[in-house]
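What follows is a short report on a single structure.
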Amino acid sequence: MRRRDFVLFIGGATVAISGSARAQPGRKIPTVGYLWHAGSAKEESPYFEALLEGFTKLGYVEGRNIKFEHRFPNETPARFRSMAAELVALNVDVLMGGAVAAPYLRDATTRIPIIFMFVPDPVGMELVANLARPGGNITGLSNFGREAAGKRLQLLKEIVPNLSRVALLINPDQQTTGVFVDAFRAAGDQLGLILRTFQARSVQELEPAFDAMVSAGMQAMTPAQGGIFFQGRAIVAKLAIERRLPMCAYSKETFEYGVLVSYGPDQIEMCRRSAVYADKILKGAKPGDLPVEQPTKFELAINMKIAKELGIAIPQSLLLRADEVIQ
């Protein structure tokens with residue numbers, strides 16, 4: 001996209017492009033309400049920009065043929081509830097949110113269409129009746145299958161010699177936590193690994209959680225997806241290295257902050273794709289008729305610099321399977 005065709009102002013959530021898209025005279029401009037999870041658009045980068053890029057590619061222009069209402073709860077449950085209610089009171093045309101926000105949006109309305117992203121188990125979280133025919137007013141994109149939990153633990157087992165104890169970093173206040181705990185425990189049992197959970201409800205609680213992992217003799221760790229572990233991804237990566245805990249991340253965006261290995265779908269593209277769902281609904285489609293989209297490709301990335309720092313030799317067979325290797 002050329003510079004003169006796209007300008008993004010993060011603070012004001014403003015998009016301006018040149019193009020042929022025009023609102024028809026006399027018609028109400030549709031409004032999309034997005035309930036994020038962090039405290040600002042900057043903290044939601046690169047997903048914030050990717051979402052707006054998705055709408056831009058479909059010809060939407062802020063203030064011309066679409067309006068955005070963004071809300072940032074800063075990982076606070078009470079703010080999730082109040083901001084979801086605020087967006088519903090605005091009578092927006094479509095509500096959107098990630099895995100952490102989705103249950104709050106669901107509880108706030110059964111009338112306004114809702115599109116979720118990054119939800120690990122839409123059926124188990126009672127967002128949709130089934131993936132093919134969601135029913136109701138909710139649909140969206142999932143980013144986690146139970147096999148992904150097993151794959152992340154398997155990667156750590158291949159990398160860490162004599163691995164037997166793995167830490168799962170969770171936020172008990174996050175409504176997706178149960179899905180991850182169940183999936184990782186089942187995968188750990190199959191792989192003969194002891195899995196223990198360690199809690200952090202805020203970025204400030206991350207360091208004590210890592211200290212507890214070391215005290216408990218954990219040999220590696222992986223975080224549950226999203227929430228404060230995305231918001232504090234740089235801190236999580238730093239603490240994992242300092243405590244000498246090999247870490248498997250869940251996305252390229254978390255991996256890039258200095259993590260040993262990651263395995264997950266392309267979440268930036270998922271953000272762009274969510275705009276397609278919104279576009280369909282704005283053009284008359286019913287969310288209950290739109291199948292939940294599941295990831296079909298997972299990317300494996302390995303950071304050899306971190307491996308060297310941790311004194312770990314990555315098997316050649318694993319390097320050959322990787323989509324990205326940082327030397």
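Here's how to read the names in the structure tokens: chain A, B, ... by the order shown, residue numbers from 1 in each chain, ligand numbers from 1 in the order shown.
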
Discussion item. Which residues are close to A:Lys151, i.e. within 10 Å by only C-alpha atoms, leaving aside same-chain residues fewer than 6 positions away? Reply as JSON, numbers by chain.
Written reply: {"A": [157, 184, 187, 263, 264]}

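The residue set within 8 Å of A:Ala99, counting only C-alpha atoms and dropping same-chain residues fewer than 6 places from it, reads Phe116, Met117, Phe118, Val119, Pro120, Thr176 and Gly226 of chain A.
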
Worksheet entry | Within 12 Å of A:Gly178 using only C-alpha atoms, minus same-chain residues under 3 positions, as a ChimeraX atom specification | /A:120-121,124-125,168,170-175,181-185,197,224-225

Residues at most 8 Å from A:Leu290, counting only C-alpha atoms, excluding those fewer than 2 positions away in the same chain, as a PDB file with N, CA and C atoms, in the first residue's frame?
```pdb
ATOM      1  N   ALA A 132     -19.757 -24.884  12.640  1.00  0.00           N
ATOM      2  CA  ALA A 132     -20.283 -24.768  11.280  1.00  0.00           C
ATOM      3  C   ALA A 132     -21.505 -23.855  11.215  1.00  0.00           C
ATOM      4  N   ARG A 133     -22.370 -23.947  12.221  1.00  0.00           N
ATOM      5  CA  ARG A 133     -23.587 -23.128  12.282  1.00  0.00           C
ATOM      6  C   ARG A 133     -23.657 -22.518  13.675  1.00  0.00           C
ATOM      7  N   PRO A 134     -22.999 -21.379  13.880  1.00  0.00           N
ATOM      8  CA  PRO A 134     -22.895 -20.816  15.226  1.00  0.00           C
ATOM      9  C   PRO A 134     -24.251 -20.535  15.887  1.00  0.00           C
ATOM     10  N   THR A 139     -20.200 -14.919  15.929  1.00  0.00           N
ATOM     11  CA  THR A 139     -19.325 -15.770  15.122  1.00  0.00           C
ATOM     12  C   THR A 139     -17.931 -15.148  15.129  1.00  0.00           C
ATOM     13  N   ALA A 285     -25.543 -10.165   6.130  1.00  0.00           N
ATOM     14  CA  ALA A 285     -25.405 -11.555   6.580  1.00  0.00           C
ATOM     15  C   ALA A 285     -25.704 -11.655   8.069  1.00  0.00           C
ATOM     16  N   LYS A 286     -26.215 -12.813   8.477  1.00  0.00           N
ATOM     17  CA  LYS A 286     -26.483 -13.066   9.886  1.00  0.00           C
ATOM     18  C   LYS A 286     -25.282 -13.796  10.497  1.00  0.00           C
ATOM     19  N   PRO A 287     -24.815 -13.337  11.659  1.00  0.00           N
ATOM     20  CA  PRO A 287     -23.636 -13.981  12.260  1.00  0.00           C
ATOM     21  C   PRO A 287     -23.847 -15.474  12.520  1.00  0.00           C
ATOM     22  N   GLY A 288     -25.071 -15.859  12.870  1.00  0.00           N
ATOM     23  CA  GLY A 288     -25.341 -17.263  13.146  1.00  0.00           C
ATOM     24  C   GLY A 288     -25.198 -18.162  11.942  1.00  0.00           C
ATOM     25  N   VAL A 292     -17.556 -20.416  12.021  1.00  0.00           N
ATOM     26  CA  VAL A 292     -16.355 -19.977  12.721  1.00  0.00           C
ATOM     27  C   VAL A 292     -15.138 -20.440  11.924  1.00  0.00           C
TER      28      VAL A 292
END
```

Practice prompt. Rank A:Leu90, A:Ala148, A:Ile241, A:Ile159 by their smallest atom-to-atom distance to A:Lys297, using only C-alpha atoms, and report the top residue only.
Written response: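 Among the listed residues, A:Ala148 lies closest to A:Lys297.
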
Worksheet entry | Sel. of strand (DSSP E or B) residues, stretch 116-168 of chain A, as a list of chain:residue names | A:Phe116, A:Met117, A:Phe118, A:Val119, A:Ile138, A:Thr139, A:Gly140, A:Leu141, A:Ser142, A:Arg165, A:Val166, A:Ala167, A:Leu168

Based on the selection just made, write N, CA and C atoms of those residues as an mmCIF file, in the first residue's frame.
```
data_model
loop_
_atom_site.group_PDB
_atom_site.id
_atom_site.type_symbol
_atom_site.label_atom_id
_atom_site.label_comp_id
_atom_site.auth_asym_id
_atom_site.auth_seq_id
_atom_site.Cartn_x
_atom_site.Cartn_y
_atom_site.Cartn_z
ATOM 1 N N PHE A 116 -15.758 -12.353 17.128
ATOM 2 C CA PHE A 116 -14.615 -12.551 18.004
ATOM 3 C C PHE A 116 -13.380 -12.953 17.197
ATOM 4 N N MET A 117 -12.214 -12.723 17.798
ATOM 5 C CA MET A 117 -10.935 -13.194 17.266
ATOM 6 C C MET A 117 -10.194 -13.909 18.384
ATOM 7 N N PHE A 118 -9.290 -14.828 18.015
ATOM 8 C CA PHE A 118 -8.353 -15.442 18.960
ATOM 9 C C PHE A 118 -9.017 -16.316 20.023
ATOM 10 N N VAL A 119 -10.255 -16.707 19.832
ATOM 11 C CA VAL A 119 -10.932 -17.517 20.844
ATOM 12 C C VAL A 119 -10.457 -18.963 20.735
ATOM 13 N N ILE A 138 -23.434 -14.428 17.349
ATOM 14 C CA ILE A 138 -21.979 -14.420 17.488
ATOM 15 C C ILE A 138 -21.314 -15.369 16.495
ATOM 16 N N THR A 139 -20.200 -14.919 15.929
ATOM 17 C CA THR A 139 -19.325 -15.770 15.122
ATOM 18 C C THR A 139 -17.931 -15.148 15.129
ATOM 19 N N GLY A 140 -16.993 -15.750 14.414
ATOM 20 C CA GLY A 140 -15.661 -15.165 14.383
ATOM 21 C C GLY A 140 -14.576 -16.139 14.017
ATOM 22 N N LEU A 141 -13.385 -15.932 14.591
ATOM 23 C CA LEU A 141 -12.201 -16.698 14.211
ATOM 24 C C LEU A 141 -11.530 -17.291 15.444
ATOM 25 N N SER A 142 -11.272 -18.586 15.378
ATOM 26 C CA SER A 142 -10.582 -19.286 16.467
ATOM 27 C C SER A 142 -9.094 -19.363 16.140
ATOM 28 N N ARG A 165 9.217 -31.422 33.909
ATOM 29 C CA ARG A 165 8.373 -30.472 34.636
ATOM 30 C C ARG A 165 8.246 -29.168 33.842
ATOM 31 N N VAL A 166 7.002 -28.838 33.485
ATOM 32 C CA VAL A 166 6.733 -27.642 32.671
ATOM 33 C C VAL A 166 5.739 -26.744 33.400
ATOM 34 N N ALA A 167 6.019 -25.447 33.381
ATOM 35 C CA ALA A 167 5.144 -24.456 34.006
ATOM 36 C C ALA A 167 4.210 -23.847 32.962
ATOM 37 N N LEU A 168 2.933 -23.714 33.332
ATOM 38 C CA LEU A 168 1.952 -23.014 32.501
ATOM 39 C C LEU A 168 1.582 -21.729 33.226
#
```

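Proximity of A:Leu51, A:Leu206, A:Met96, A:Ala278 to A:Lys238, computed with only C-alpha atoms, is greatest for A:Leu206.
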
Item to complete: Would you please work out which residue, of A:Glu126, A:Glu86, A:Glu75, A:Glu299, is nearest to A:Pro103 when using only C-alpha atoms?
Response: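 When distances to A:Pro103 are compared using only C-alpha atoms, the smallest one comes from A:Glu126.
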
Would you mind listing what lies within 9 Å of A:Thr109 as a short mmCIF file (atom, residue, chain, number, x, y, z; two decimals) with C-alpha atoms, in the first residue's frame, with only C-alpha atoms counted and same-chain residues fewer than 6 positions away left out?
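File written: result.cif
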```
data_model
loop_
_atom_site.label_atom_id
_atom_site.label_comp_id
_atom_site.auth_asym_id
_atom_site.auth_seq_id
_atom_site.Cartn_x
_atom_site.Cartn_y
_atom_site.Cartn_z
CA ALA A 84 -19.08 -3.69 26.83
CA ALA A 85 -22.27 -2.14 28.23
CA VAL A 88 -24.08 -1.70 23.50
CA ASN A 137 -25.62 -13.33 17.25
#
```

Discussion item. Using DSSP secondary structure from the backbone, list all alpha helix (DSSP H) positions within stretch 114-309 of chain A, as JSON, numbers by chain.
Written reply: {"A": [146, 147, 148, 149, 150, 151, 152, 153, 154, 155, 156, 157, 158, 159, 177, 178, 179, 180, 181, 182, 183, 184, 185, 186, 187, 188, 189, 190, 191, 206, 207, 208, 209, 210, 211, 212, 213, 214, 215, 228, 229, 230, 231, 233, 234, 235, 236, 237, 238, 239, 240, 241, 242, 252, 253, 254, 255, 267, 268, 269, 270, 271, 272, 273, 274, 275, 276, 277, 278, 279, 280, 281, 282, 304, 305, 306, 307, 308, 309]}

Limited to C-alpha atoms, could you put the picked residues into a file as a PDB file, in the first residue's frame?
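Saved the output as selection18.pdb:
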```pdb
ATOM      1  CA  ARG A 146      -6.271 -28.685  21.491  1.00  0.00           C
ATOM      2  CA  GLU A 147      -3.564 -30.254  19.347  1.00  0.00           C
ATOM      3  CA  ALA A 148      -1.638 -26.952  19.546  1.00  0.00           C
ATOM      4  CA  ALA A 149      -1.136 -27.452  23.290  1.00  0.00           C
ATOM      5  CA  GLY A 150       0.376 -30.861  22.661  1.00  0.00           C
ATOM      6  CA  LYS A 151       2.579 -29.488  19.909  1.00  0.00           C
ATOM      7  CA  ARG A 152       4.011 -26.749  22.131  1.00  0.00           C
ATOM      8  CA  LEU A 153       4.802 -29.195  24.901  1.00  0.00           C
ATOM      9  CA  GLN A 154       6.261 -31.649  22.387  1.00  0.00           C
ATOM     10  CA  LEU A 155       8.568 -28.939  21.067  1.00  0.00           C
ATOM     11  CA  LEU A 156       9.846 -28.211  24.560  1.00  0.00           C
ATOM     12  CA  LYS A 157      10.374 -31.924  25.143  1.00  0.00           C
ATOM     13  CA  GLU A 158      12.435 -32.195  21.953  1.00  0.00           C
ATOM     14  CA  ILE A 159      14.527 -29.165  22.887  1.00  0.00           C
ATOM     15  CA  THR A 177      -7.928 -19.863  31.253  1.00  0.00           C
ATOM     16  CA  GLY A 178      -9.885 -23.069  31.866  1.00  0.00           C
ATOM     17  CA  VAL A 179      -9.635 -24.040  28.197  1.00  0.00           C
ATOM     18  CA  PHE A 180      -5.846 -23.754  28.217  1.00  0.00           C
ATOM     19  CA  VAL A 181      -5.374 -25.547  31.532  1.00  0.00           C
ATOM     20  CA  ASP A 182      -7.513 -28.497  30.425  1.00  0.00           C
ATOM     21  CA  ALA A 183      -5.793 -28.761  27.042  1.00  0.00           C
ATOM     22  CA  PHE A 184      -2.254 -28.512  28.396  1.00  0.00           C
ATOM     23  CA  ARG A 185      -2.871 -30.948  31.248  1.00  0.00           C
ATOM     24  CA  ALA A 186      -4.288 -33.523  28.864  1.00  0.00           C
ATOM     25  CA  ALA A 187      -1.334 -33.038  26.507  1.00  0.00           C
ATOM     26  CA  GLY A 188       1.133 -33.194  29.386  1.00  0.00           C
ATOM     27  CA  ASP A 189      -0.322 -36.510  30.572  1.00  0.00           C
ATOM     28  CA  GLN A 190       0.069 -37.977  27.085  1.00  0.00           C
ATOM     29  CA  LEU A 191       3.695 -36.831  26.915  1.00  0.00           C
ATOM     30  CA  LEU A 206       4.854 -11.691  36.541  1.00  0.00           C
ATOM     31  CA  GLU A 207       8.208 -11.630  38.322  1.00  0.00           C
ATOM     32  CA  PRO A 208       6.914 -13.382  41.485  1.00  0.00           C
ATOM     33  CA  ALA A 209       5.305 -16.019  39.248  1.00  0.00           C
ATOM     34  CA  PHE A 210       8.625 -16.736  37.535  1.00  0.00           C
ATOM     35  CA  ASP A 211      10.416 -16.870  40.882  1.00  0.00           C
ATOM     36  CA  ALA A 212       7.845 -19.451  42.004  1.00  0.00           C
ATOM     37  CA  MET A 213       8.568 -21.508  38.887  1.00  0.00           C
ATOM     38  CA  VAL A 214      12.272 -21.599  39.721  1.00  0.00           C
ATOM     39  CA  SER A 215      11.581 -22.508  43.352  1.00  0.00           C
ATOM     40  CA  ILE A 228      -1.588  -9.640  30.237  1.00  0.00           C
ATOM     41  CA  PHE A 229       0.829 -12.140  28.711  1.00  0.00           C
ATOM     42  CA  PHE A 230       0.519 -10.292  25.416  1.00  0.00           C
ATOM     43  CA  GLN A 231       0.485  -6.889  27.107  1.00  0.00           C
ATOM     44  CA  ARG A 233       5.238  -9.977  26.378  1.00  0.00           C
ATOM     45  CA  ALA A 234       8.580  -8.168  26.566  1.00  0.00           C
ATOM     46  CA  ILE A 235       8.708  -8.705  30.339  1.00  0.00           C
ATOM     47  CA  VAL A 236       7.707 -12.374  30.028  1.00  0.00           C
ATOM     48  CA  ALA A 237      10.477 -13.009  27.495  1.00  0.00           C
ATOM     49  CA  LYS A 238      13.050 -11.211  29.651  1.00  0.00           C
ATOM     50  CA  LEU A 239      12.090 -13.091  32.810  1.00  0.00           C
ATOM     51  CA  ALA A 240      12.184 -16.452  31.019  1.00  0.00           C
ATOM     52  CA  ILE A 241      15.772 -15.814  29.927  1.00  0.00           C
ATOM     53  CA  GLU A 242      16.869 -14.420  33.297  1.00  0.00           C
ATOM     54  CA  LYS A 252       5.191 -14.592  16.232  1.00  0.00           C
ATOM     55  CA  GLU A 253       4.349 -11.300  17.951  1.00  0.00           C
ATOM     56  CA  THR A 254       5.367 -12.747  21.329  1.00  0.00           C
ATOM     57  CA  PHE A 255       8.325 -14.667  19.880  1.00  0.00           C
ATOM     58  CA  GLN A 267      -2.690 -13.766  14.226  1.00  0.00           C
ATOM     59  CA  ILE A 268      -2.025 -10.549  12.315  1.00  0.00           C
ATOM     60  CA  GLU A 269      -3.731 -12.021   9.268  1.00  0.00           C
ATOM     61  CA  MET A 270      -6.532 -13.171  11.559  1.00  0.00           C
ATOM     62  CA  CYS A 271      -7.115  -9.531  12.552  1.00  0.00           C
ATOM     63  CA  ARG A 272      -7.348  -8.528   8.911  1.00  0.00           C
ATOM     64  CA  ARG A 273      -9.714 -11.432   8.211  1.00  0.00           C
ATOM     65  CA  SER A 274     -12.056 -10.368  10.997  1.00  0.00           C
ATOM     66  CA  ALA A 275     -12.880  -7.257   8.949  1.00  0.00           C
ATOM     67  CA  VAL A 276     -14.248  -9.568   6.247  1.00  0.00           C
ATOM     68  CA  TYR A 277     -16.736 -10.968   8.752  1.00  0.00           C
ATOM     69  CA  ALA A 278     -17.788  -7.449   9.772  1.00  0.00           C
ATOM     70  CA  ASP A 279     -18.205  -6.479   6.133  1.00  0.00           C
ATOM     71  CA  LYS A 280     -20.482  -9.450   5.484  1.00  0.00           C
ATOM     72  CA  ILE A 281     -22.654  -8.594   8.456  1.00  0.00           C
ATOM     73  CA  LEU A 282     -22.853  -4.926   7.504  1.00  0.00           C
ATOM     74  CA  MET A 304      19.223 -19.724  17.989  1.00  0.00           C
ATOM     75  CA  LYS A 305      20.590 -16.704  19.856  1.00  0.00           C
ATOM     76  CA  ILE A 306      18.381 -17.517  22.834  1.00  0.00           C
ATOM     77  CA  ALA A 307      19.256 -21.212  22.543  1.00  0.00           C
ATOM     78  CA  LYS A 308      22.949 -20.341  22.777  1.00  0.00           C
ATOM     79  CA  GLU A 309      22.331 -18.034  25.719  1.00  0.00           C
TER      80      GLU A 309
END
```

Practice prompt. For A:Ile302, list every protein, DNA or RNA residue within 9 Å, evaluated using only C-alpha atoms, and leave out those in the same chain fewer than 3 positions away; present the list as a PyMOL selection string.
Written response: chain A and resi 255+259-262+306-307+314+318-319+322-327

Those same residues, written as a short mmCIF file (atom, residue, chain, number, x, y, z; two decimals), in the first residue's frame with C-alpha atoms?
```
data_model
loop_
_atom_site.label_atom_id
_atom_site.label_comp_id
_atom_site.auth_asym_id
_atom_site.auth_seq_id
_atom_site.Cartn_x
_atom_site.Cartn_y
_atom_site.Cartn_z
CA PHE A 255 8.32 -14.67 19.88
CA VAL A 259 11.73 -16.18 23.07
CA LEU A 260 13.35 -19.55 22.40
CA VAL A 261 10.57 -21.06 20.29
CA SER A 262 7.00 -20.32 19.22
CA ILE A 306 18.38 -17.52 22.83
CA ALA A 307 19.26 -21.21 22.54
CA ILE A 314 18.50 -27.40 19.02
CA LEU A 318 13.69 -29.50 14.42
CA LEU A 319 15.55 -26.74 12.59
CA ALA A 322 11.00 -24.57 11.30
CA ASP A 323 9.37 -21.82 9.23
CA GLU A 324 11.77 -19.23 10.66
CA VAL A 325 15.16 -19.55 12.35
CA ILE A 326 16.88 -16.54 13.89
CA GLN A 327 20.65 -17.02 13.90
#
```

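Closest approach to A:His37 among A:Lys283, A:Arg321, A:Arg196, A:His70: A:His70, based on only C-alpha atoms.
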
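Between atom CA of A:Leu169 and atom CA of A:Leu131 the interatomic distance comes to 27.8 Å.
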
Practice prompt. Determine the nearest neighbour of A:Thr31 from the options A:Phe298, A:Phe68, A:Phe80, A:Tyr250, counting only C-alpha atoms.
Written response: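 The closest residue to A:Thr31 is A:Phe68.
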
Practice prompt. Would you list the contacts of A:Val32 as a list in words, taking every protein, DNA or RNA residue within 8 Å and counting only C-alpha atoms, but skipping same-chain residues closer than 2 positions in sequence?
Written response: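 So, after excluding close chain neighbours, the residues are Pro30, Tyr34, Ile66, Lys67, Phe68, Glu69, Val92, Asp93, Val94, Leu95 and Met96 of chain A.
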